[in-house]
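Dumped coords-v4.tsv below, it's TSV, C-alpha atoms:
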```tsv
chain	number	residue	atom	x	y	z
N	993	MET	CA	-43.39	-24.81	-26.82
N	994	PRO	CA	-41.79	-21.35	-27.10
N	995	HIS	CA	-38.56	-21.41	-29.04
N	996	PRO	CA	-36.10	-18.54	-29.55
N	997	ARG	CA	-35.37	-17.69	-33.15
N	998	PRO	CA	-32.36	-15.52	-33.98
N	999	ALA	CA	-32.74	-12.58	-36.32
N	1000	GLU	CA	-30.06	-13.97	-38.64
N	1001	SER	CA	-32.34	-16.87	-39.58
N	1002	ARG	CA	-34.56	-14.59	-41.66
N	1003	SER	CA	-33.33	-12.41	-44.49
N	1004	ASP	CA	-34.60	-8.91	-45.07
N	1005	ALA	CA	-36.28	-10.04	-48.30
N	1006	GLU	CA	-38.06	-12.89	-46.51
N	1007	LEU	CA	-39.25	-10.60	-43.73
N	1008	ILE	CA	-40.60	-8.05	-46.21
N	1009	ARG	CA	-42.42	-10.83	-48.07
N	1010	VAL	CA	-43.96	-12.29	-44.91
N	1011	ASN	CA	-44.94	-8.91	-43.49
N	1012	ARG	CA	-46.33	-7.62	-46.76
N	1013	GLY	CA	-48.34	-10.84	-47.27
N	1014	PHE	CA	-49.81	-10.79	-43.76
N	1015	TYR	CA	-50.51	-7.10	-43.29
N	1016	GLU	CA	-51.61	-6.24	-46.83
N	1017	SER	CA	-54.43	-8.78	-46.62
N	1018	LEU	CA	-55.18	-7.81	-43.01
N	1019	TRP	CA	-55.50	-4.08	-43.74
N	1020	ALA	CA	-57.48	-4.75	-46.92
N	1021	ALA	CA	-60.23	-6.27	-44.77
N	1022	ALA	CA	-59.83	-4.29	-41.52
N	1023	ARG	CA	-61.38	-1.04	-40.37
N	1024	LEU	CA	-59.47	2.14	-39.57
N	1025	ILE	CA	-59.51	2.84	-35.83
N	1026	GLY	CA	-58.76	6.40	-34.75
N	1027	PRO	CA	-55.96	7.19	-32.29
N	1028	GLU	CA	-58.38	8.42	-29.62
N	1029	ARG	CA	-59.58	4.81	-29.14
N	1030	PHE	CA	-56.22	3.59	-27.80
N	1031	ASN	CA	-54.74	3.85	-24.31
N	1032	THR	CA	-51.77	5.74	-25.79
N	1033	TRP	CA	-54.02	8.75	-26.54
N	1034	PRO	CA	-53.85	10.55	-23.17
N	1035	LEU	CA	-50.06	10.79	-23.57
N	1036	LEU	CA	-49.85	11.34	-27.32
N	1037	ARG	CA	-52.62	13.94	-27.44
N	1038	GLY	CA	-50.53	16.22	-25.23
N	1039	LEU	CA	-47.23	15.48	-26.95
N	1040	ALA	CA	-48.79	16.01	-30.39
N	1041	ALA	CA	-50.26	19.36	-29.38
N	1042	ALA	CA	-46.74	20.59	-28.59
N	1043	ALA	CA	-45.11	19.01	-31.67
N	1044	PRO	CA	-46.08	20.58	-35.01
N	1045	ASN	CA	-43.84	18.19	-36.96
N	1046	ARG	CA	-44.82	14.57	-36.34
N	1047	LEU	CA	-44.03	11.20	-37.91
N	1048	GLU	CA	-45.60	7.79	-37.41
N	1049	VAL	CA	-43.94	4.77	-39.04
N	1050	ALA	CA	-45.93	1.68	-39.99
N	1051	PRO	CA	-49.26	2.67	-38.42
N	1052	GLY	CA	-51.31	0.33	-40.62
N	1053	LEU	CA	-54.92	1.09	-39.77
N	1054	ARG	CA	-54.11	1.61	-36.08
N	1055	PRO	CA	-52.54	5.11	-36.02
N	1056	ARG	CA	-51.69	6.46	-32.59
N	1057	LEU	CA	-50.93	10.06	-33.61
N	1058	PRO	CA	-53.60	12.52	-34.85
N	1059	LEU	CA	-54.56	11.98	-38.48
N	1060	ASP	CA	-54.47	15.73	-39.10
N	1061	GLY	CA	-50.94	17.10	-39.25
N	1062	THR	CA	-48.98	13.85	-38.92
N	1063	CYS	CA	-46.84	12.35	-41.68
N	1064	PHE	CA	-47.49	8.59	-41.92
N	1065	VAL	CA	-45.10	6.16	-43.64
N	1066	ASP	CA	-46.27	2.61	-44.35
N	1067	LEU	CA	-45.38	-0.32	-46.59
N	1068	SER	CA	-49.01	-1.41	-47.08
N	1069	HIS	CA	-50.84	0.08	-50.04
N	1070	ALA	CA	-54.17	-1.01	-48.51
N	1071	ALA	CA	-53.40	0.96	-45.36
N	1072	LEU	CA	-52.23	3.99	-47.36
N	1073	ARG	CA	-55.45	4.07	-49.37
N	1074	ARG	CA	-57.55	4.04	-46.18
N	1075	LEU	CA	-55.41	6.71	-44.51
N	1076	HIS	CA	-55.65	8.93	-47.60
N	1077	ALA	CA	-59.43	8.47	-47.65
N	1078	SER	CA	-59.51	9.72	-44.04
N	1079	GLY	CA	-57.61	12.87	-44.97
N	1080	ALA	CA	-54.21	11.84	-43.62
N	1081	LYS	CA	-50.87	12.60	-45.25
N	1082	ALA	CA	-49.42	9.14	-45.89
N	1083	VAL	CA	-46.53	8.03	-48.09
N	1084	HIS	CA	-45.15	4.66	-49.11
N	1085	GLY	CA	-41.88	3.65	-47.48
N	1086	MET	CA	-40.05	1.49	-44.95
N	1087	ILE	CA	-38.36	2.25	-41.67
N	1088	GLY	CA	-34.93	1.42	-43.09
N	1089	ALA	CA	-35.22	4.11	-45.79
N	1090	LEU	CA	-37.61	6.82	-44.67
N	1091	PRO	CA	-38.68	9.30	-47.39
N	1092	CYS	CA	-38.09	12.23	-45.02
N	1093	ALA	CA	-35.48	14.97	-44.64
N	1094	ASP	CA	-32.90	15.02	-41.85
N	1095	ALA	CA	-33.92	16.45	-38.45
N	1096	SER	CA	-37.54	16.96	-39.51
N	1097	PHE	CA	-39.64	15.78	-36.56
N	1098	ASP	CA	-40.28	16.74	-32.94
N	1099	LEU	CA	-42.38	13.63	-32.22
N	1100	ILE	CA	-41.94	10.15	-33.72
N	1101	CYS	CA	-44.06	7.07	-33.14
N	1102	ALA	CA	-42.83	3.67	-34.36
N	1103	LEU	CA	-44.79	0.91	-32.63
N	1104	ASP	CA	-44.56	-2.81	-33.37
N	1105	ILE	CA	-41.96	-2.39	-36.09
N	1106	LEU	CA	-38.38	-3.00	-34.87
N	1107	GLU	CA	-39.07	-6.70	-34.36
N	1108	HIS	CA	-40.14	-6.97	-38.00
N	1109	VAL	CA	-36.89	-5.83	-39.66
N	1110	ALA	CA	-33.68	-7.80	-40.09
N	1111	ASP	CA	-31.41	-4.78	-39.58
N	1112	ASP	CA	-32.86	-2.97	-36.58
N	1113	ASP	CA	-29.69	-0.87	-36.21
N	1114	SER	CA	-30.29	0.65	-39.64
N	1115	ALA	CA	-33.92	1.26	-38.68
N	1116	LEU	CA	-32.89	3.07	-35.49
N	1117	ALA	CA	-30.28	5.04	-37.42
N	1118	GLU	CA	-33.03	6.24	-39.76
N	1119	LEU	CA	-35.23	7.30	-36.85
N	1120	ALA	CA	-32.25	9.19	-35.41
N	1121	ARG	CA	-31.59	10.82	-38.78
N	1122	VAL	CA	-35.09	12.29	-39.10
N	1123	ALA	CA	-35.47	13.24	-35.40
N	1124	ARG	CA	-34.67	16.70	-34.14
N	1125	PRO	CA	-32.49	16.95	-31.01
N	1126	GLY	CA	-34.75	16.62	-27.99
N	1127	ALA	CA	-37.52	14.88	-29.96
N	1128	HIS	CA	-39.91	12.55	-28.17
N	1129	VAL	CA	-39.79	9.06	-29.66
N	1130	LEU	CA	-42.23	6.28	-28.79
N	1131	LEU	CA	-41.29	2.69	-29.57
N	1132	SER	CA	-42.73	-0.67	-28.60
N	1133	VAL	CA	-40.90	-4.00	-28.59
N	1134	PRO	CA	-41.62	-7.60	-27.55
N	1135	LEU	CA	-39.39	-8.94	-24.76
N	1136	HIS	CA	-37.65	-12.18	-23.78
N	1137	PRO	CA	-36.38	-14.46	-26.59
N	1138	GLU	CA	-37.35	-17.50	-24.51
N	1139	ALA	CA	-41.00	-16.42	-24.83
N	1140	TRP	CA	-40.94	-16.89	-28.61
N	1141	THR	CA	-44.03	-18.58	-30.05
N	1142	ALA	CA	-45.27	-19.78	-33.43
N	1143	PHE	CA	-47.39	-16.62	-33.55
N	1144	ASP	CA	-44.19	-14.52	-33.66
N	1145	ASP	CA	-43.25	-16.45	-36.79
N	1146	PHE	CA	-46.72	-16.09	-38.24
N	1147	VAL	CA	-46.87	-12.30	-37.98
N	1148	GLY	CA	-43.35	-11.76	-39.33
N	1149	HIS	CA	-41.24	-11.14	-36.22
N	1150	CYS	CA	-37.55	-11.89	-36.35
N	1151	ARG	CA	-36.63	-11.25	-32.72
N	1152	ARG	CA	-37.62	-10.55	-29.16
N	1153	TYR	CA	-35.35	-8.35	-27.05
N	1154	GLU	CA	-33.64	-8.86	-23.75
N	1155	PRO	CA	-34.30	-5.72	-21.65
N	1156	ALA	CA	-30.58	-4.89	-21.32
N	1157	GLN	CA	-30.13	-5.42	-25.07
N	1158	ILE	CA	-32.75	-2.89	-26.14
N	1159	ILE	CA	-31.51	-0.31	-23.60
N	1160	ALA	CA	-27.96	-0.56	-24.97
N	1161	LYS	CA	-29.06	-0.60	-28.61
N	1162	LEU	CA	-31.18	2.52	-28.23
N	1163	ALA	CA	-28.40	4.32	-26.37
N	1164	ARG	CA	-25.95	3.70	-29.22
N	1165	HIS	CA	-28.28	5.63	-31.52
N	1166	GLY	CA	-28.86	8.53	-29.13
N	1167	PHE	CA	-32.19	7.39	-27.61
N	1168	THR	CA	-32.66	7.48	-23.84
N	1169	ILE	CA	-35.56	5.54	-22.30
N	1170	GLU	CA	-37.23	7.97	-19.92
N	1171	HIS	CA	-40.32	5.91	-19.09
N	1172	SER	CA	-41.80	2.53	-19.99
N	1173	ALA	CA	-45.14	0.77	-19.61
N	1174	VAL	CA	-46.54	-2.71	-20.13
N	1175	TYR	CA	-48.14	-2.68	-23.55
N	1176	GLY	CA	-49.97	-4.76	-26.14
N	1177	MET	CA	-53.40	-6.20	-26.86
N	1178	GLN	CA	-52.32	-9.75	-27.71
N	1179	PRO	CA	-54.40	-12.40	-25.90
N	1180	LYS	CA	-52.63	-14.26	-23.10
N	1181	SER	CA	-54.11	-17.61	-24.15
N	1182	SER	CA	-51.83	-19.59	-26.47
N	1183	ARG	CA	-54.82	-21.69	-27.53
N	1184	LEU	CA	-56.71	-18.57	-28.61
N	1185	LEU	CA	-53.67	-17.38	-30.58
N	1186	ASP	CA	-53.35	-20.79	-32.26
N	1187	LEU	CA	-57.05	-20.74	-33.15
N	1188	GLY	CA	-56.80	-17.22	-34.54
N	1189	GLN	CA	-53.76	-18.20	-36.61
N	1190	TRP	CA	-55.60	-21.21	-38.05
N	1191	TYR	CA	-58.65	-19.14	-39.01
N	1192	LEU	CA	-56.52	-16.38	-40.56
N	1193	THR	CA	-54.78	-19.04	-42.65
N	1194	HIS	CA	-57.75	-21.22	-43.62
N	1195	ARG	CA	-60.89	-19.10	-43.08
N	1196	ARG	CA	-59.66	-15.54	-43.51
N	1197	GLU	CA	-63.00	-13.93	-44.41
N	1198	ARG	CA	-64.68	-15.45	-41.36
N	1199	ALA	CA	-61.69	-14.57	-39.17
N	1200	MET	CA	-61.82	-10.92	-40.26
N	1201	TRP	CA	-65.55	-10.75	-39.50
N	1202	TRP	CA	-64.84	-11.79	-35.90
N	1203	TYR	CA	-61.75	-9.57	-35.72
N	1204	ASN	CA	-63.57	-6.42	-36.84
N	1205	ARG	CA	-66.84	-6.95	-34.98
N	1206	VAL	CA	-65.89	-8.83	-31.82
N	1207	PHE	CA	-62.22	-9.19	-30.89
N	1208	MET	CA	-60.95	-5.70	-31.75
N	1209	PRO	CA	-63.88	-3.91	-30.06
N	1210	LEU	CA	-63.45	-6.10	-26.97
N	1211	GLY	CA	-59.71	-5.47	-26.93
N	1212	LEU	CA	-60.28	-1.72	-27.08
N	1213	HIS	CA	-62.95	-1.85	-24.39
N	1214	PHE	CA	-60.79	-3.77	-21.93
N	1215	GLN	CA	-57.60	-1.75	-22.42
N	1216	LYS	CA	-56.11	-0.66	-19.13
N	1217	PRO	CA	-54.60	2.80	-18.61
N	1218	LEU	CA	-50.86	2.77	-19.15
N	1219	GLN	CA	-48.86	2.58	-15.93
N	1220	TRP	CA	-45.57	4.41	-16.49
N	1221	HIS	CA	-42.30	3.61	-14.71
N	1222	GLU	CA	-38.99	5.42	-14.88
N	1223	GLY	CA	-36.55	3.82	-17.32
N	1224	LEU	CA	-37.13	0.19	-18.28
N	1225	SER	CA	-38.12	-1.84	-15.25
N	1226	HIS	CA	-40.75	-4.35	-14.12
N	1227	THR	CA	-40.09	-6.57	-17.15
N	1228	GLN	CA	-40.35	-10.04	-15.59
N	1229	GLY	CA	-43.16	-11.91	-17.30
N	1230	VAL	CA	-43.94	-8.92	-19.54
N	1231	ASP	CA	-44.60	-9.77	-23.19
N	1232	GLU	CA	-44.29	-6.27	-24.71
N	1233	VAL	CA	-43.31	-2.79	-23.53
N	1234	LEU	CA	-43.95	0.75	-24.70
N	1235	LEU	CA	-40.86	2.93	-24.47
N	1236	ARG	CA	-41.04	6.70	-24.15
N	1237	CYS	CA	-37.65	7.97	-25.28
N	1238	ARG	CA	-35.87	11.26	-25.94
N	1239	TYR	CA	-33.41	11.72	-28.76
N	1240	ARG	CA	-30.18	13.40	-27.74
N	1241	PRO	CA	-27.52	12.94	-30.40
N	1242	THR	CA	-23.95	12.39	-29.30
N	1243	PRO	CA	-21.83	15.46	-30.16
N	1244	GLN	CA	-19.46	14.74	-33.01
N	1245	PRO	CA	-15.77	15.46	-32.38
N	1246	SER	CA	-14.54	18.60	-34.10
N	1247	HIS	CA	-11.69	18.34	-36.58
```

Transcribe the structure of this file into structure tokens.
Amino acid sequence: MPHPRPAESRSDAELIRVNRGFYESLWAAARLIGPERFNTWPLLRGLAAAAPNRLEVAPGLRPRLPLDGTCFVDLSHAALRRLHASGAKAVHGMIGALPCADASFDLICALDILEHVADDDSALAELARVARPGAHVLLSVPLHPEAWTAFDDFVGHCRRYEPAQIIAKLARHGFTIEHSAVYGMQPKSSRLLDLGQWYLTHRRERAMWWYNRVFMPLGLHFQKPLQWHEGLSHTQGVDEVLLRCRYRPTPQPSH
């Protein structure tokens, strides 16, 4: 049965340990898939062409921005090695302490990351720090705490968001949701997720063979084009959303 789990129940150290353990071994055995293979490419290709200074946080081996000319920041050394081998500029770091200067980027992509950190306000503050005024920022988040599953635990999530909650949280940090779309490649079947979790735990080598050669190619093949809506709407029954935001910092009062 789904069961909500509050963010406070997992410390930052525990989340880092769980995420590092899961993703380091995943990326060590996975293949790098180029950004042009994902349904985000039609949007991001155009945005990237107009944004010479770009950042993607925690891409793993699934980058959505062009490898050439984008700065990638990731916690996984396995992912960094593969990105470097593909000619990308990639540095070690975390979303809560980005190794980047203030107001550096016109386009920022941070997908599937906010739900993995204990202090998401600090993470958003860091994205705001490195964004230039008017920057395009793409985020994705899972929705509805009541939809929590054991798979959320397994992959290192610490929360799902209520739609009103994520709107308000982003606004506090200067991010306005301009458009949103249903997002994600996670299977709908809970039985399939449970089976995948078991194999990743007990038969990892076999699981990765199927992941690389069958499930990931099928997932890419059956992706649907993103259907964009103004603001954040149409969220009933939606597991995950992609948020296209603009960063407009609040003017500071003069002294």

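Residue nearest Tyr1239 of chain N within the list N:Ala1139, N:Leu1218, N:Leu1039, N:Ala1127: N:Ala1127 [criterion: smallest interatomic distance, only C-alpha atoms].
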
Using all atoms listed in the file, what residues lie at most 7 Å away from (-47.3, -0.2, -17.0) (file coordinates), given as a PyMOL selection string? chain N and resi 1172-1174+1218-1221

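The interatomic distance for the pair atom CA of Gly1166 of chain N and atom CA of Val1049 of chain N works out to 18.4 Å.
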
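The nearest approach to Tyr1175 of chain N among the residues N:Phe1143, N:Phe1030, N:Tyr1153, N:Phe1207, with all atoms listed in the file taken into account, belongs to N:Phe1030.
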
Counting all atoms listed in the file, the residue among N:Thr1032, N:Gln1215, N:Thr1168, N:Thr1227 that lies closest to His1136 of chain N is N:Thr1227

Correct to one decimal, the distance atom CA of His1171 of chain N-atom CA of Leu1067 of chain N is 28.6 Å
